[in-house]
file target.txt (compact mmCIF, C-alpha atoms)
# COMPACT_ATOMS: atom_id res chain seq x y z
CA MET A 27 280.88 -69.09 66.66
CA SER A 28 282.00 -71.98 64.47
CA PHE A 29 280.14 -70.65 61.42
CA LEU A 30 282.58 -67.73 61.28
CA PRO A 31 285.90 -68.06 59.41
CA ASP A 32 289.07 -68.40 61.52
CA TRP A 33 290.22 -64.83 60.88
CA ALA A 34 287.02 -63.24 62.18
CA GLU A 35 287.51 -63.48 65.92
CA PRO A 36 290.86 -61.66 66.30
CA VAL A 37 289.68 -59.00 63.82
CA LEU A 38 286.46 -58.34 65.71
CA ASP A 39 288.33 -58.40 69.00
CA TYR A 40 290.78 -55.73 67.75
CA MET A 41 287.98 -53.57 66.30
CA LEU A 42 286.06 -53.57 69.57
CA ARG A 43 289.04 -53.35 71.93
CA VAL A 44 291.00 -50.66 70.05
CA GLY A 45 288.56 -49.19 67.53
CA LEU A 46 285.28 -48.90 69.41
CA LYS A 47 287.16 -47.76 72.50
CA GLY A 48 288.76 -44.88 70.54
CA THR A 49 285.41 -43.95 68.98
CA LEU A 50 283.75 -43.80 72.40
CA GLN A 51 286.68 -41.79 73.84
CA ILE A 52 286.44 -39.19 71.07
CA ALA A 53 282.65 -39.09 71.42
CA ALA A 54 282.78 -38.66 75.22
CA LEU A 55 285.40 -35.88 75.09
CA SER A 56 283.56 -34.07 72.28
CA LEU A 57 280.16 -34.37 73.96
CA ALA A 58 281.50 -33.01 77.26
CA GLY A 59 283.31 -30.13 75.52
CA SER A 60 280.30 -29.32 73.32
CA LEU A 61 277.94 -29.21 76.30
CA VAL A 62 280.13 -26.99 78.50
CA ILE A 63 281.08 -24.50 75.76
CA GLY A 64 277.75 -24.68 73.92
CA ILE A 65 275.47 -24.14 76.91
CA THR A 66 277.65 -21.27 78.17
CA LEU A 67 277.79 -19.51 74.78
CA GLY A 68 274.11 -20.15 74.08
CA THR A 69 273.08 -18.61 77.42
CA LEU A 70 275.40 -15.63 76.93
CA LEU A 71 273.87 -15.15 73.47
CA THR A 72 270.55 -14.21 75.10
CA ILE A 73 272.15 -11.12 76.68
CA LYS A 74 271.30 -8.08 74.58
CA PHE A 75 274.87 -6.76 74.33
CA MET A 76 275.88 -6.24 70.72
CA PRO A 77 279.66 -6.95 70.73
CA SER A 78 279.39 -10.25 72.67
CA ARG A 79 276.44 -11.37 70.55
CA ALA A 80 278.30 -10.63 67.32
CA LEU A 81 281.35 -12.60 68.50
CA ILE A 82 279.31 -15.64 69.58
CA ARG A 83 277.28 -15.48 66.33
CA LEU A 84 280.54 -15.52 64.36
CA TYR A 85 281.79 -18.51 66.37
CA ILE A 86 278.55 -20.41 65.69
CA GLU A 87 278.36 -19.58 61.98
CA VAL A 88 282.03 -20.42 61.31
CA TRP A 89 282.09 -23.82 63.03
CA ARG A 90 278.65 -24.77 61.76
CA GLY A 91 279.52 -23.62 58.26
CA LEU A 92 282.84 -25.41 57.77
CA PRO A 93 282.93 -29.09 56.80
CA ILE A 94 284.11 -30.92 59.94
CA LEU A 95 286.98 -32.41 57.94
CA VAL A 96 288.25 -28.90 57.14
CA THR A 97 287.96 -27.94 60.83
CA LEU A 98 289.96 -31.07 61.66
CA PHE A 99 292.69 -30.01 59.21
CA LEU A 100 292.74 -26.52 60.74
CA VAL A 101 293.30 -28.06 64.18
CA PHE A 102 295.74 -30.76 63.06
CA PHE A 103 297.82 -28.87 60.46
CA LEU A 104 297.24 -25.13 60.87
CA LEU A 105 297.43 -24.74 64.68
CA PRO A 106 300.91 -26.33 65.08
CA SER A 107 302.25 -24.30 62.14
CA VAL A 108 301.10 -21.10 63.84
CA ASN A 109 302.42 -22.13 67.25
CA PRO A 110 304.34 -25.40 67.85
CA ARG A 111 302.85 -25.64 71.35
CA LEU A 112 299.43 -26.17 69.79
CA GLU A 113 300.31 -29.61 68.48
CA PHE A 114 297.93 -32.37 69.61
CA ASP A 115 297.80 -36.09 68.85
CA ALA A 116 295.22 -37.39 66.39
CA LEU A 117 292.63 -38.42 68.97
CA ILE A 118 292.72 -35.09 70.80
CA SER A 119 292.72 -33.11 67.52
CA ALA A 120 289.59 -34.95 66.39
CA SER A 121 287.93 -34.25 69.76
CA ILE A 122 288.78 -30.54 69.48
CA ALA A 123 287.38 -30.33 65.94
CA LEU A 124 284.17 -32.13 66.94
CA THR A 125 283.88 -29.92 70.03
CA LEU A 126 284.10 -26.75 67.91
CA TRP A 127 281.36 -28.07 65.63
CA GLY A 128 279.24 -29.58 68.42
CA SER A 129 279.43 -26.54 70.69
CA ALA A 130 278.14 -24.36 67.84
CA GLN A 131 275.14 -26.68 67.50
CA VAL A 132 274.54 -26.73 71.27
CA ALA A 133 274.87 -22.93 71.54
CA GLU A 134 272.20 -22.38 68.88
CA ALA A 135 269.85 -24.92 70.51
CA THR A 136 270.46 -23.47 74.00
CA ARG A 137 269.66 -19.95 72.83
CA GLY A 138 266.30 -21.16 71.55
CA ALA A 139 265.58 -23.18 74.69
CA VAL A 140 266.52 -20.32 77.06
CA GLN A 141 264.42 -17.83 75.12
CA SER A 142 261.44 -20.20 75.26
CA ILE A 143 261.30 -19.82 79.05
CA PRO A 144 258.64 -17.20 79.89
CA LYS A 145 259.97 -13.90 81.25
CA GLU A 146 257.87 -14.34 84.41
CA GLN A 147 260.36 -17.03 85.43
CA HIS A 148 263.18 -14.47 85.18
CA GLU A 149 261.16 -11.95 87.15
CA ALA A 150 260.21 -14.44 89.85
CA ALA A 151 263.84 -15.53 90.23
CA SER A 152 264.99 -11.90 90.46
CA ALA A 153 262.32 -11.20 93.06
CA LEU A 154 263.79 -14.05 95.11
CA GLY A 155 267.12 -12.25 95.05
CA PHE A 156 268.97 -14.29 92.41
CA GLY A 157 271.59 -12.47 90.37
CA TRP A 158 272.07 -13.15 86.64
CA ILE A 159 274.27 -16.21 87.18
CA GLY A 160 272.13 -17.72 89.98
CA ARG A 161 268.93 -17.04 88.04
CA HIS A 162 270.22 -18.88 84.97
CA THR A 163 271.96 -21.73 86.82
CA PHE A 164 269.14 -22.59 89.23
CA VAL A 165 265.95 -21.45 87.51
CA ILE A 166 266.21 -20.94 83.75
CA LEU A 167 268.68 -23.59 82.54
CA PRO A 168 267.09 -26.52 84.44
CA GLN A 169 263.80 -25.73 82.69
CA ALA A 170 265.49 -25.12 79.33
CA LEU A 171 267.26 -28.47 79.62
CA ARG A 172 263.96 -30.32 79.14
CA ARG A 173 263.49 -28.68 75.77
CA LEU A 174 267.17 -29.19 74.98
CA LEU A 175 267.20 -32.93 75.57
CA PRO A 176 265.90 -34.20 72.17
CA PRO A 177 268.38 -32.12 70.10
CA LEU A 178 271.19 -33.18 72.47
CA VAL A 179 270.48 -36.87 71.86
CA GLY A 180 270.49 -36.11 68.13
CA LEU A 181 273.81 -34.32 68.58
CA LEU A 182 275.27 -37.37 70.34
CA VAL A 183 274.35 -39.53 67.33
CA ASN A 184 276.01 -37.02 64.98
CA ILE A 185 279.12 -36.78 67.15
CA ILE A 186 279.50 -40.59 67.22
CA GLN A 187 279.06 -40.84 63.45
CA ASN A 188 281.30 -37.86 62.68
CA SER A 189 284.06 -39.23 64.93
CA THR A 190 284.96 -41.42 61.92
CA ILE A 191 286.68 -38.39 60.32
CA ALA A 192 289.47 -39.01 62.86
CA GLN A 193 290.39 -41.94 60.58
CA VAL A 194 291.70 -39.42 58.04
CA ILE A 195 294.52 -38.39 60.42
CA GLY A 196 295.06 -41.95 61.66
CA ALA A 197 293.46 -41.78 65.10
CA PRO A 198 292.67 -45.26 66.47
CA GLU A 199 288.88 -45.30 66.11
CA LEU A 200 286.49 -47.90 64.69
CA LEU A 201 286.90 -47.18 60.96
CA GLU A 202 290.70 -46.88 61.28
CA SER A 203 290.87 -50.20 63.19
CA ALA A 204 288.80 -51.83 60.43
CA GLU A 205 291.10 -50.46 57.72
CA ARG A 206 294.17 -51.75 59.58
CA GLN A 207 292.62 -55.23 59.78
CA VAL A 208 291.69 -55.24 56.07
CA GLU A 209 295.31 -54.39 55.24
CA ARG A 210 296.70 -56.94 57.68
CA LEU A 211 294.56 -59.79 56.31
CA ALA A 212 295.62 -58.94 52.76
CA ALA A 213 299.26 -59.59 53.69
CA PRO A 214 300.63 -63.11 53.12
CA PRO A 215 300.74 -65.54 56.09
CA PRO A 216 301.77 -65.59 58.88
CA ILE A 217 300.75 -61.91 59.26
CA GLY A 218 297.55 -62.14 57.26
CA ILE A 219 295.76 -64.68 55.08
CA GLY A 220 296.60 -63.13 51.69
CA GLU A 221 292.95 -62.36 51.02
CA VAL A 222 290.94 -59.15 50.85
CA GLU A 223 288.04 -59.31 53.30
CA ALA A 224 286.92 -55.68 52.94
CA ILE A 225 283.19 -56.34 52.51
CA PRO A 226 282.53 -58.30 55.74
CA ILE A 227 284.82 -56.01 57.77
CA TYR A 228 283.38 -52.68 56.57
CA ALA A 229 279.86 -54.16 56.78
CA THR A 230 280.61 -54.99 60.42
CA VAL A 231 281.62 -51.35 61.01
CA MET A 232 278.26 -50.27 59.56
CA VAL A 233 276.38 -52.76 61.76
CA ILE A 234 278.16 -51.55 64.92
CA PHE A 235 277.39 -47.90 64.14
CA PHE A 236 273.80 -48.82 63.29
CA CYS A 237 273.35 -50.65 66.60
CA ILE A 238 274.54 -47.53 68.46
CA SER A 239 272.73 -44.90 66.36
CA PHE A 240 269.35 -46.52 65.74
CA PRO A 241 268.22 -46.78 69.40
CA LEU A 242 269.46 -43.21 70.00
CA THR A 243 267.58 -41.74 67.01
CA ARG A 244 264.46 -43.57 68.21
CA LEU A 245 265.02 -42.11 71.70
CA ALA A 246 265.43 -38.60 70.28
CA ALA A 247 262.19 -38.98 68.29
CA TYR A 248 260.38 -40.29 71.39
CA LEU A 249 261.63 -37.42 73.59
CA GLU A 250 260.63 -34.91 70.89
CA LYS A 251 257.13 -36.37 70.74
CA ARG A 252 256.68 -36.45 74.50
CA LEU A 253 257.68 -32.81 74.74
CA THR A 254 255.05 -31.49 72.34
CA MET B 23 303.61 -16.07 70.20
CA THR B 24 305.44 -13.91 67.66
CA SER B 25 304.61 -16.43 64.96
CA LEU B 26 300.92 -15.60 65.39
CA ALA B 27 301.53 -12.49 63.32
CA VAL B 28 302.17 -14.51 60.15
CA ALA B 29 301.37 -12.40 57.15
CA PHE B 30 299.18 -13.75 54.38
CA ASP B 31 301.33 -14.15 51.28
CA TRP B 32 299.01 -12.99 48.48
CA SER B 33 301.23 -14.50 45.77
CA PHE B 34 299.84 -17.82 47.02
CA ILE B 35 296.55 -16.97 45.29
CA THR B 36 298.12 -15.97 41.97
CA GLU B 37 300.36 -19.04 41.95
CA ASN B 38 297.79 -21.64 42.98
CA GLY B 39 294.54 -19.93 41.94
CA ASP B 40 294.00 -22.00 38.79
CA GLU B 41 294.45 -25.31 40.57
CA LEU B 42 292.18 -24.24 43.46
CA LEU B 43 289.52 -23.07 40.99
CA ALA B 44 289.68 -26.46 39.24
CA GLY B 45 289.14 -28.11 42.64
CA LEU B 46 286.28 -25.76 43.43
CA ARG B 47 284.72 -26.56 40.05
CA ARG B 48 284.81 -30.30 40.84
CA THR B 49 283.29 -29.67 44.29
CA LEU B 50 280.44 -27.70 42.69
CA GLU B 51 280.04 -30.26 39.89
CA VAL B 52 279.72 -33.22 42.28
CA SER B 53 277.42 -31.15 44.54
CA ALA B 54 275.17 -30.16 41.62
CA ILE B 55 274.75 -33.79 40.50
CA ALA B 56 274.09 -34.91 44.07
CA ILE B 57 271.61 -32.11 44.79
CA ALA B 58 269.64 -32.93 41.62
CA GLY B 59 269.72 -36.64 42.47
CA ALA B 60 268.78 -36.09 46.10
CA PHE B 61 265.90 -33.87 44.99
CA VAL B 62 264.45 -36.58 42.71
CA ILE B 63 264.99 -39.38 45.27
CA GLY B 64 263.50 -37.27 48.07
CA LEU B 65 260.46 -36.28 46.01
CA VAL B 66 259.64 -39.80 44.83
CA LEU B 67 260.42 -41.75 48.01
CA GLY B 68 259.07 -38.97 50.25
CA ALA B 69 255.75 -39.16 48.37
CA ALA B 70 255.76 -42.97 48.60
CA ARG B 71 256.40 -42.76 52.37
CA ALA B 72 253.75 -40.09 53.01
CA HIS B 73 251.11 -41.94 50.97
CA ARG B 74 252.13 -45.35 52.37
CA VAL B 75 252.57 -46.90 48.92
CA PRO B 76 252.97 -50.61 49.75
CA VAL B 77 256.42 -52.23 49.34
CA ILE B 78 258.10 -49.03 48.06
CA SER B 79 257.30 -47.27 51.35
CA GLN B 80 258.85 -50.08 53.45
CA LEU B 81 261.93 -50.36 51.22
CA ALA B 82 262.36 -46.57 51.39
CA ALA B 83 262.14 -46.72 55.19
CA ILE B 84 264.91 -49.34 55.34
CA TYR B 85 267.09 -47.26 52.95
CA VAL B 86 266.57 -44.12 55.03
CA GLU B 87 267.34 -45.83 58.35
CA ILE B 88 270.51 -47.53 57.06
CA ILE B 89 271.92 -44.33 55.55
CA ARG B 90 270.96 -42.07 58.47
CA ASN B 91 272.30 -44.42 61.13
CA THR B 92 275.71 -45.15 59.61
CA PRO B 93 278.50 -42.58 59.09
CA ILE B 94 278.80 -41.30 55.51
CA LEU B 95 282.56 -41.84 55.66
CA VAL B 96 281.97 -45.58 56.21
CA GLN B 97 279.54 -45.55 53.27
CA ILE B 98 282.26 -44.00 51.09
CA PHE B 99 284.76 -46.62 52.31
CA PHE B 100 282.27 -49.36 51.45
CA LEU B 101 281.69 -48.08 47.90
CA PHE B 102 285.36 -47.43 47.17
CA PHE B 103 287.38 -49.94 49.21
CA ALA B 104 284.94 -52.84 49.80
CA LEU B 105 283.01 -53.26 46.53
CA PRO B 106 286.17 -54.11 44.48
CA GLN B 107 286.26 -57.38 46.48
CA ILE B 108 283.28 -58.58 44.42
CA GLY B 109 284.60 -57.07 41.20
CA ILE B 110 282.76 -53.74 41.32
CA VAL B 111 285.46 -51.12 40.77
CA LEU B 112 284.15 -47.56 40.69
CA GLU B 113 286.04 -44.44 39.58
CA PRO B 114 286.69 -41.84 42.33
CA PHE B 115 284.40 -39.42 40.46
CA THR B 116 281.60 -42.01 40.42
CA VAL B 117 281.97 -42.73 44.13
CA ALA B 118 282.13 -38.97 44.82
CA TRP B 119 278.73 -38.11 43.34
CA LEU B 120 277.12 -41.46 44.11
CA ALA B 121 277.95 -41.40 47.84
CA VAL B 122 276.57 -37.90 48.45
CA THR B 123 273.54 -38.57 46.23
CA ILE B 124 272.61 -41.70 48.22
CA TRP B 125 273.23 -39.83 51.48
CA GLY B 126 271.32 -36.68 50.48
CA GLY B 127 268.48 -38.76 49.01
CA ALA B 128 267.90 -40.49 52.34
CA PHE B 129 267.75 -37.23 54.31
CA ASN B 130 265.61 -35.60 51.62
CA THR B 131 263.15 -38.49 51.72
CA GLU B 132 262.51 -37.59 55.36
CA ASN B 133 262.29 -33.85 54.54
CA PHE B 134 259.69 -34.40 51.81
CA ARG B 135 257.80 -37.04 53.79
CA ALA B 136 257.43 -34.58 56.68
CA GLY B 137 256.41 -31.81 54.24
CA PHE B 138 253.76 -33.92 52.50
CA GLU B 139 252.41 -35.24 55.79
CA ALA B 140 252.05 -31.68 57.06
CA VAL B 141 249.46 -30.97 54.35
CA PRO B 142 246.09 -31.16 56.14
CA PHE B 143 244.07 -34.21 55.11
CA ARG B 144 241.02 -32.06 54.33
CA PHE B 145 242.97 -30.49 51.44
CA ARG B 146 243.36 -33.90 49.86
CA GLU B 147 239.69 -34.62 50.48
CA ALA B 148 238.90 -31.35 48.74
CA GLY B 149 240.99 -32.57 45.79
CA SER B 150 238.98 -35.79 45.60
CA ALA B 151 235.76 -33.82 45.88
CA LEU B 152 236.80 -31.83 42.82
CA GLY B 153 237.12 -35.12 40.94
CA PHE B 154 240.95 -35.35 41.02
CA GLY B 155 242.43 -38.85 41.06
CA ARG B 156 245.21 -39.75 43.55
CA LEU B 157 248.01 -38.62 41.22
CA ALA B 158 246.26 -35.42 40.21
CA THR B 159 245.56 -34.62 43.86
CA PHE B 160 249.23 -35.14 44.67
CA LEU B 161 250.46 -32.98 41.77
CA ASN B 162 247.95 -30.15 42.27
CA VAL B 163 247.48 -30.10 46.04
CA THR B 164 250.01 -32.05 48.12
CA LEU B 165 253.12 -31.22 46.06
CA PRO B 166 252.77 -27.44 45.81
CA ILE B 167 251.89 -27.05 49.49
CA GLY B 168 253.99 -29.84 51.05
CA GLY B 169 256.93 -29.09 48.74
CA ARG B 170 257.12 -25.54 50.07
CA ILE B 171 256.93 -26.75 53.67
CA ALA B 172 259.84 -29.13 52.94
CA LEU B 173 261.97 -26.53 51.13
CA PRO B 174 263.98 -25.00 54.03
CA SER B 175 264.92 -28.38 55.50
CA SER B 176 265.81 -29.76 52.07
CA ILE B 177 268.12 -26.78 51.38
CA ASN B 178 269.80 -27.59 54.71
CA THR B 179 270.36 -31.11 53.39
CA TYR B 180 271.88 -29.66 50.17
CA ILE B 181 274.24 -27.55 52.31
CA SER B 182 275.35 -30.72 54.11
CA VAL B 183 275.80 -32.41 50.72
CA VAL B 184 278.24 -29.68 49.65
CA LYS B 185 280.13 -29.94 52.96
CA ASN B 186 280.26 -33.74 52.71
CA THR B 187 281.96 -33.62 49.30
CA SER B 188 285.09 -32.67 51.29
CA LEU B 189 285.18 -36.30 52.51
CA MET B 190 286.19 -37.36 48.99
CA TYR B 191 289.66 -36.53 50.23
CA VAL B 192 289.84 -40.17 51.46
CA ILE B 193 289.43 -41.50 47.90
CA SER B 194 291.82 -38.84 46.50
CA TYR B 195 289.18 -37.30 44.24
CA PRO B 196 290.70 -33.86 43.51
CA GLU B 197 287.85 -31.66 44.73
CA LEU B 198 288.55 -28.49 46.73
CA THR B 199 289.80 -30.06 49.99
CA THR B 200 292.02 -32.68 48.30
CA THR B 201 293.44 -30.00 45.98
CA ALA B 202 294.21 -27.71 48.93
CA LEU B 203 295.93 -30.51 50.85
CA ASN B 204 298.04 -31.36 47.80
CA ILE B 205 299.05 -27.71 47.40
CA ASN B 206 299.93 -27.55 51.09
CA ALA B 207 302.15 -30.62 50.77
CA LEU B 208 304.04 -28.98 47.89
CA THR B 209 304.25 -25.35 49.03
CA LEU B 210 304.16 -25.78 52.83
CA GLN B 211 302.23 -22.49 52.88
CA THR B 212 299.94 -23.85 55.58
CA VAL B 213 298.41 -20.55 56.71
CA GLU B 214 297.59 -19.47 53.17
CA THR B 215 296.25 -22.88 52.14
CA PHE B 216 293.91 -23.42 55.05
CA THR B 217 292.69 -19.84 55.26
CA THR B 218 291.78 -19.95 51.57
CA LEU B 219 290.13 -23.36 51.96
CA ALA B 220 288.05 -22.32 54.98
CA VAL B 221 286.98 -18.97 53.51
CA THR B 222 285.89 -20.64 50.25
CA TYR B 223 283.65 -23.12 52.06
CA LEU B 224 282.19 -20.40 54.28
CA VAL B 225 281.32 -18.28 51.24
CA ILE B 226 279.49 -21.23 49.62
CA VAL B 227 277.72 -22.37 52.79
CA TRP B 228 276.77 -18.88 53.96
CA SER B 229 275.31 -17.94 50.57
CA MET B 230 273.27 -21.14 50.55
CA SER B 231 271.92 -20.44 54.06
CA ALA B 232 271.07 -16.90 53.00
CA SER B 233 269.12 -18.37 50.08
CA ILE B 234 266.93 -20.27 52.58
CA ARG B 235 265.73 -16.98 54.03
CA VAL B 236 265.05 -15.51 50.56
CA VAL B 237 263.23 -18.64 49.39
CA GLU B 238 261.21 -18.82 52.61
CA ARG B 239 260.02 -15.27 52.08
CA ARG B 240 259.27 -15.60 48.36
CA LEU B 241 257.53 -18.98 48.62
CA ALA B 242 255.74 -18.38 51.93
CA LEU B 243 252.31 -19.99 51.88
CA PRO B 244 249.36 -17.61 51.97
CA GLU B 245 247.85 -17.47 55.45
CA ASP B 246 244.75 -19.54 54.56
CA ALA B 247 246.79 -22.48 53.22
CA ARG B 248 248.58 -23.10 56.49
call {"tool": "encode", "arguments": {"input": "target.txt", "output": "structure tokens"}}
result
Amino acid sequence: MSFLPDWAEPVLDYMLRVGLKGTLQIAALSLAGSLVIGITLGTLLTIKFMPSRALIRLYIEVWRGLPILVTLFLVFFLLPSVNPRLEFDALISASIALTLWGSAQVAEATRGAVQSIPKEQHEAASALGFGWIGRHTFVILPQALRRLLPPLVGLLVNIIQNSTIAQVIGAPELLESAERQVERLAAPPPIGIGEVEAIPIYATVMVIFFCISFPLTRLAAYLEKRLT
Amino acid sequence: MTSLAVAFDWSFITENGDELLAGLRRTLEVSAIAIAGAFVIGLVLGAARAHRVPVISQLAAIYVEIIRNTPILVQIFFLFFALPQIGIVLEPFTVAWLAVTIWGGAFNTENFRAGFEAVPFRFREAGSALGFGRLATFLNVTLPIGGRIALPSSINTYISVVKNTSLMYVISYPELTTTALNINALTLQTVETFTTLAVTYLVIVWSMSASIRVVERRLALPEDAR
């Protein structure tokens, strides 16, 4: 690594150890939340009961319609002002905002996937004595999941990329860690080197995100192709 | 939980309406520039991709992959905070429209490429049979049919462009979100500020999604052209 300048190694180390770790934490929390809430709401949306459908529709359209940054501000600034107990740290707030957005995407995709399962499957499961919950858990959703997989991989890419908005409220993720290092290096020695190294550092952030996203978008495209 | 029953103070609108409208105007201004730019980029590069125009097609593919596989917020940071290192200092307004134009252009290239490629090859052959050259075939056959196929997905990209202008908060460009946050810092009327902000975005986004359905109906291809 001798072709790299002296400052590079500690900077990269910090970005991977603190930054990338935070990014992956936010992404994991948001993905888990989006899947649980999204698949549940999406399945419930297939029930022909007007009031519940209208409520879930509203949930989907609101969180899909708002810019994620605005949702983040609602969680980070509005919630605690309404009730002080609803105050979360930056990392959790970002995960909540991404979960609201992601679960709306998953719900919409799940509805489509569940409705694509032929009604004979429902009838056969009922004939075997399954109730609504058993029928969906053991028969319908496992089949719908196959159709759901490509959009879910796409969602993961979007969640990872959108986790950068956590930088705005100072959560320790990749972009925030890069910004901190740019500022540190600009300080005079011994803290920094008194030079602005923004281009190589932000370019590195882009390269890291590209290395994560590119294989996943390829995978999503491959899964999509194999399905049809 | 008593504080849940906070009343909306309507004087907030009369006192801050002008400033919010100015922010909304800048959001719409930046969006309009970016949508026009993304339309042109998508049309040209999408056509180059679909027709495999040498060199341009490969360069367009690289552009699309870089933009789609990196977060737009990092792209904004690069334009605004990194480029000054090599002496390129851009105004917040320039970065605002440029960042969303580059981003929307990349997604639109894919939308139009998919649209043009969905036009059956025999239609293009029919164009050649009628004596049209490559350009004339594109303008008279591929564009009107493929353009309509690409329309719904490209409007979705324009919706995302409008939503992404909110990210200009990080470069302090006073569009709607930045304006609202500034007002909140001064007035501390958090409920009023964020309700107004959210409702404004929902009105814009929901009307744009509704327009997809209208456009889809009005521009639906006749059955025999599908």
call {"tool": "closest_residue", "arguments": {"input": "target.txt", "among": "A:Leu245, A:Leu104, A:Leu117, A:Leu30", "to": "chain B", "atoms": "all atoms listed in the file"}}
result
A:Leu104
call {"tool": "closest_residue", "arguments": {"input": "target.txt", "among": "A:Gly157, A:Pro226, A:Pro168, A:Gly220", "to": "chain B", "atoms": "only C-alpha atoms"}}
result
A:Pro226
call {"tool": "interface_residues", "arguments": {"input": "target.txt", "of": "chain B", "to": "chain A", "cutoff": "7 Å", "atoms": "only C-alpha atoms", "output": "number ranges by chain"}}
result
B: 23, 25-26, 91-93, 95-96, 100, 103-105, 107, 185-186, 188-189, 192, 212-213, 216, 220, 223-224, 227-228
call {"tool": "closest_residue", "arguments": {"input": "target.txt", "among": "A:Pro36, A:Gly128, A:Gly68, A:Pro216", "to": "A:Leu55", "atoms": "all atoms listed in the file"}}
result
A:Gly128
call {"tool": "residues_around", "arguments": {"input": "target.txt", "residues": "stretch 57-60 of chain A", "least_positions_apart": "2", "cutoff": "8 Å", "atoms": "all atoms listed in the file", "output": "MDAnalysis selection string"}}
result
chainID A and resid 53:55 62:65 124:130 132 182 185
call {"tool": "atom_distance", "arguments": {"input": "target.txt", "atom1": "atom CA of B:Val66", "atom2": "atom CA of B:Ser175"}}
result
16.5 Å
call {"tool": "residues_around", "arguments": {"input": "target.txt", "residues": "B:Val86", "least_positions_apart": "2", "cutoff": "9 Å", "atoms": "only C-alpha atoms", "output": "list of chain:residue names"}}
result
B:Leu81, B:Ala82, B:Ala83, B:Ile84, B:Ile88, B:Ile89, B:Arg90, B:Asn91, B:Trp125, B:Gly127, B:Ala128, B:Phe129, B:Thr131, B:Glu132
call {"tool": "atom_distance", "arguments": {"input": "target.txt", "atom1": "atom CA of A:Phe164", "atom2": "atom CA of A:Arg79"}}
result
23.0 Å
call {"tool": "atom_distance", "arguments": {"input": "target.txt", "atom1": "atom CA of A:Leu50", "atom2": "atom CA of A:Leu181"}}
result
14.3 Å
call {"tool": "closest_residue", "arguments": {"input": "target.txt", "among": "B:Ala158, B:Leu219, B:Leu67, B:Ala151", "to": "B:Thr199", "atoms": "all atoms listed in the file"}}
result
B:Leu219
call {"tool": "residues_near_point", "arguments": {"input": "target.txt", "point": "(263.8, -20.4, 80.5)", "cutoff": "9 Å", "atoms": "only C-alpha atoms", "output": "list in words"}}
result
Ala139, Val140, Gln141, Ser142, Ile143, Pro144, Lys145, Gln147, His148, His162, Val165, Ile166, Leu167, Pro168, Gln169, Ala170 and Leu171 of chain A
call {"tool": "residues_near_point", "arguments": {"input": "target.txt", "point": "(287.5, -52.4, 65.9)", "cutoff": "10 Å", "atoms": "all atoms listed in the file", "output": "list in words"}}
result
Pro36, Val37, Leu38, Asp39, Tyr40, Met41, Leu42, Arg43, Val44, Gly45, Leu46, Lys47, Gly48, Thr49, Pro198, Glu199, Leu200, Leu201, Glu202, Ser203, Ala204, Glu205, Arg206, Gln207, Ile227, Thr230, Val231 and Ile234 of chain A
call {"tool": "axis_aligned_box", "arguments": {"input": "target.txt", "around": "stretch 166-170 of chain A", "padding_each_side": "3 Å", "output": "AutoDock Vina command-line options"}}
result
--center_x 266.2 --center_y -23.7 --center_z 81.9 --size_x 10.9 --size_y 11.6 --size_z 11.1
call {"tool": "decode", "arguments": {"input": "target.txt", "residues": "stretch 172-181 of chain B", "atoms": "N, CA and C atoms", "output": "mmCIF file, in the first residue's frame"}}
result
data_model
loop_
_atom_site.group_PDB
_atom_site.id
_atom_site.type_symbol
_atom_site.label_atom_id
_atom_site.label_comp_id
_atom_site.auth_asym_id
_atom_site.auth_seq_id
_atom_site.Cartn_x
_atom_site.Cartn_y
_atom_site.Cartn_z
ATOM 1 N N ALA B 172 -42.613 4.016 -22.694
ATOM 2 C CA ALA B 172 -41.699 4.486 -21.645
ATOM 3 C C ALA B 172 -42.338 5.545 -20.754
ATOM 4 N N LEU B 173 -43.477 6.112 -21.172
ATOM 5 C CA LEU B 173 -44.025 7.274 -20.472
ATOM 6 C C LEU B 173 -44.328 7.056 -18.988
ATOM 7 N N PRO B 174 -45.078 5.993 -18.608
ATOM 8 C CA PRO B 174 -45.384 5.837 -17.174
ATOM 9 C C PRO B 174 -44.126 5.740 -16.318
ATOM 10 N N SER B 175 -43.141 4.929 -16.750
ATOM 11 C CA SER B 175 -41.948 4.785 -15.919
ATOM 12 C C SER B 175 -41.141 6.079 -15.886
ATOM 13 N N SER B 176 -41.190 6.862 -16.988
ATOM 14 C CA SER B 176 -40.424 8.106 -16.952
ATOM 15 C C SER B 176 -41.118 9.126 -16.035
ATOM 16 N N ILE B 177 -42.448 9.120 -15.983
ATOM 17 C CA ILE B 177 -43.125 10.030 -15.036
ATOM 18 C C ILE B 177 -42.765 9.641 -13.603
ATOM 19 N N ASN B 178 -42.647 8.330 -13.340
ATOM 20 C CA ASN B 178 -42.202 7.896 -12.009
ATOM 21 C C ASN B 178 -40.825 8.457 -11.673
ATOM 22 N N THR B 179 -39.943 8.491 -12.680
ATOM 23 C CA THR B 179 -38.616 9.076 -12.463
ATOM 24 C C THR B 179 -38.742 10.572 -12.150
ATOM 25 N N TYR B 180 -39.654 11.276 -12.867
ATOM 26 C CA TYR B 180 -39.831 12.716 -12.604
ATOM 27 C C TYR B 180 -40.354 12.941 -11.181
ATOM 28 N N ILE B 181 -41.230 12.047 -10.714
ATOM 29 C CA ILE B 181 -41.720 12.153 -9.333
ATOM 30 C C ILE B 181 -40.547 12.037 -8.363
#
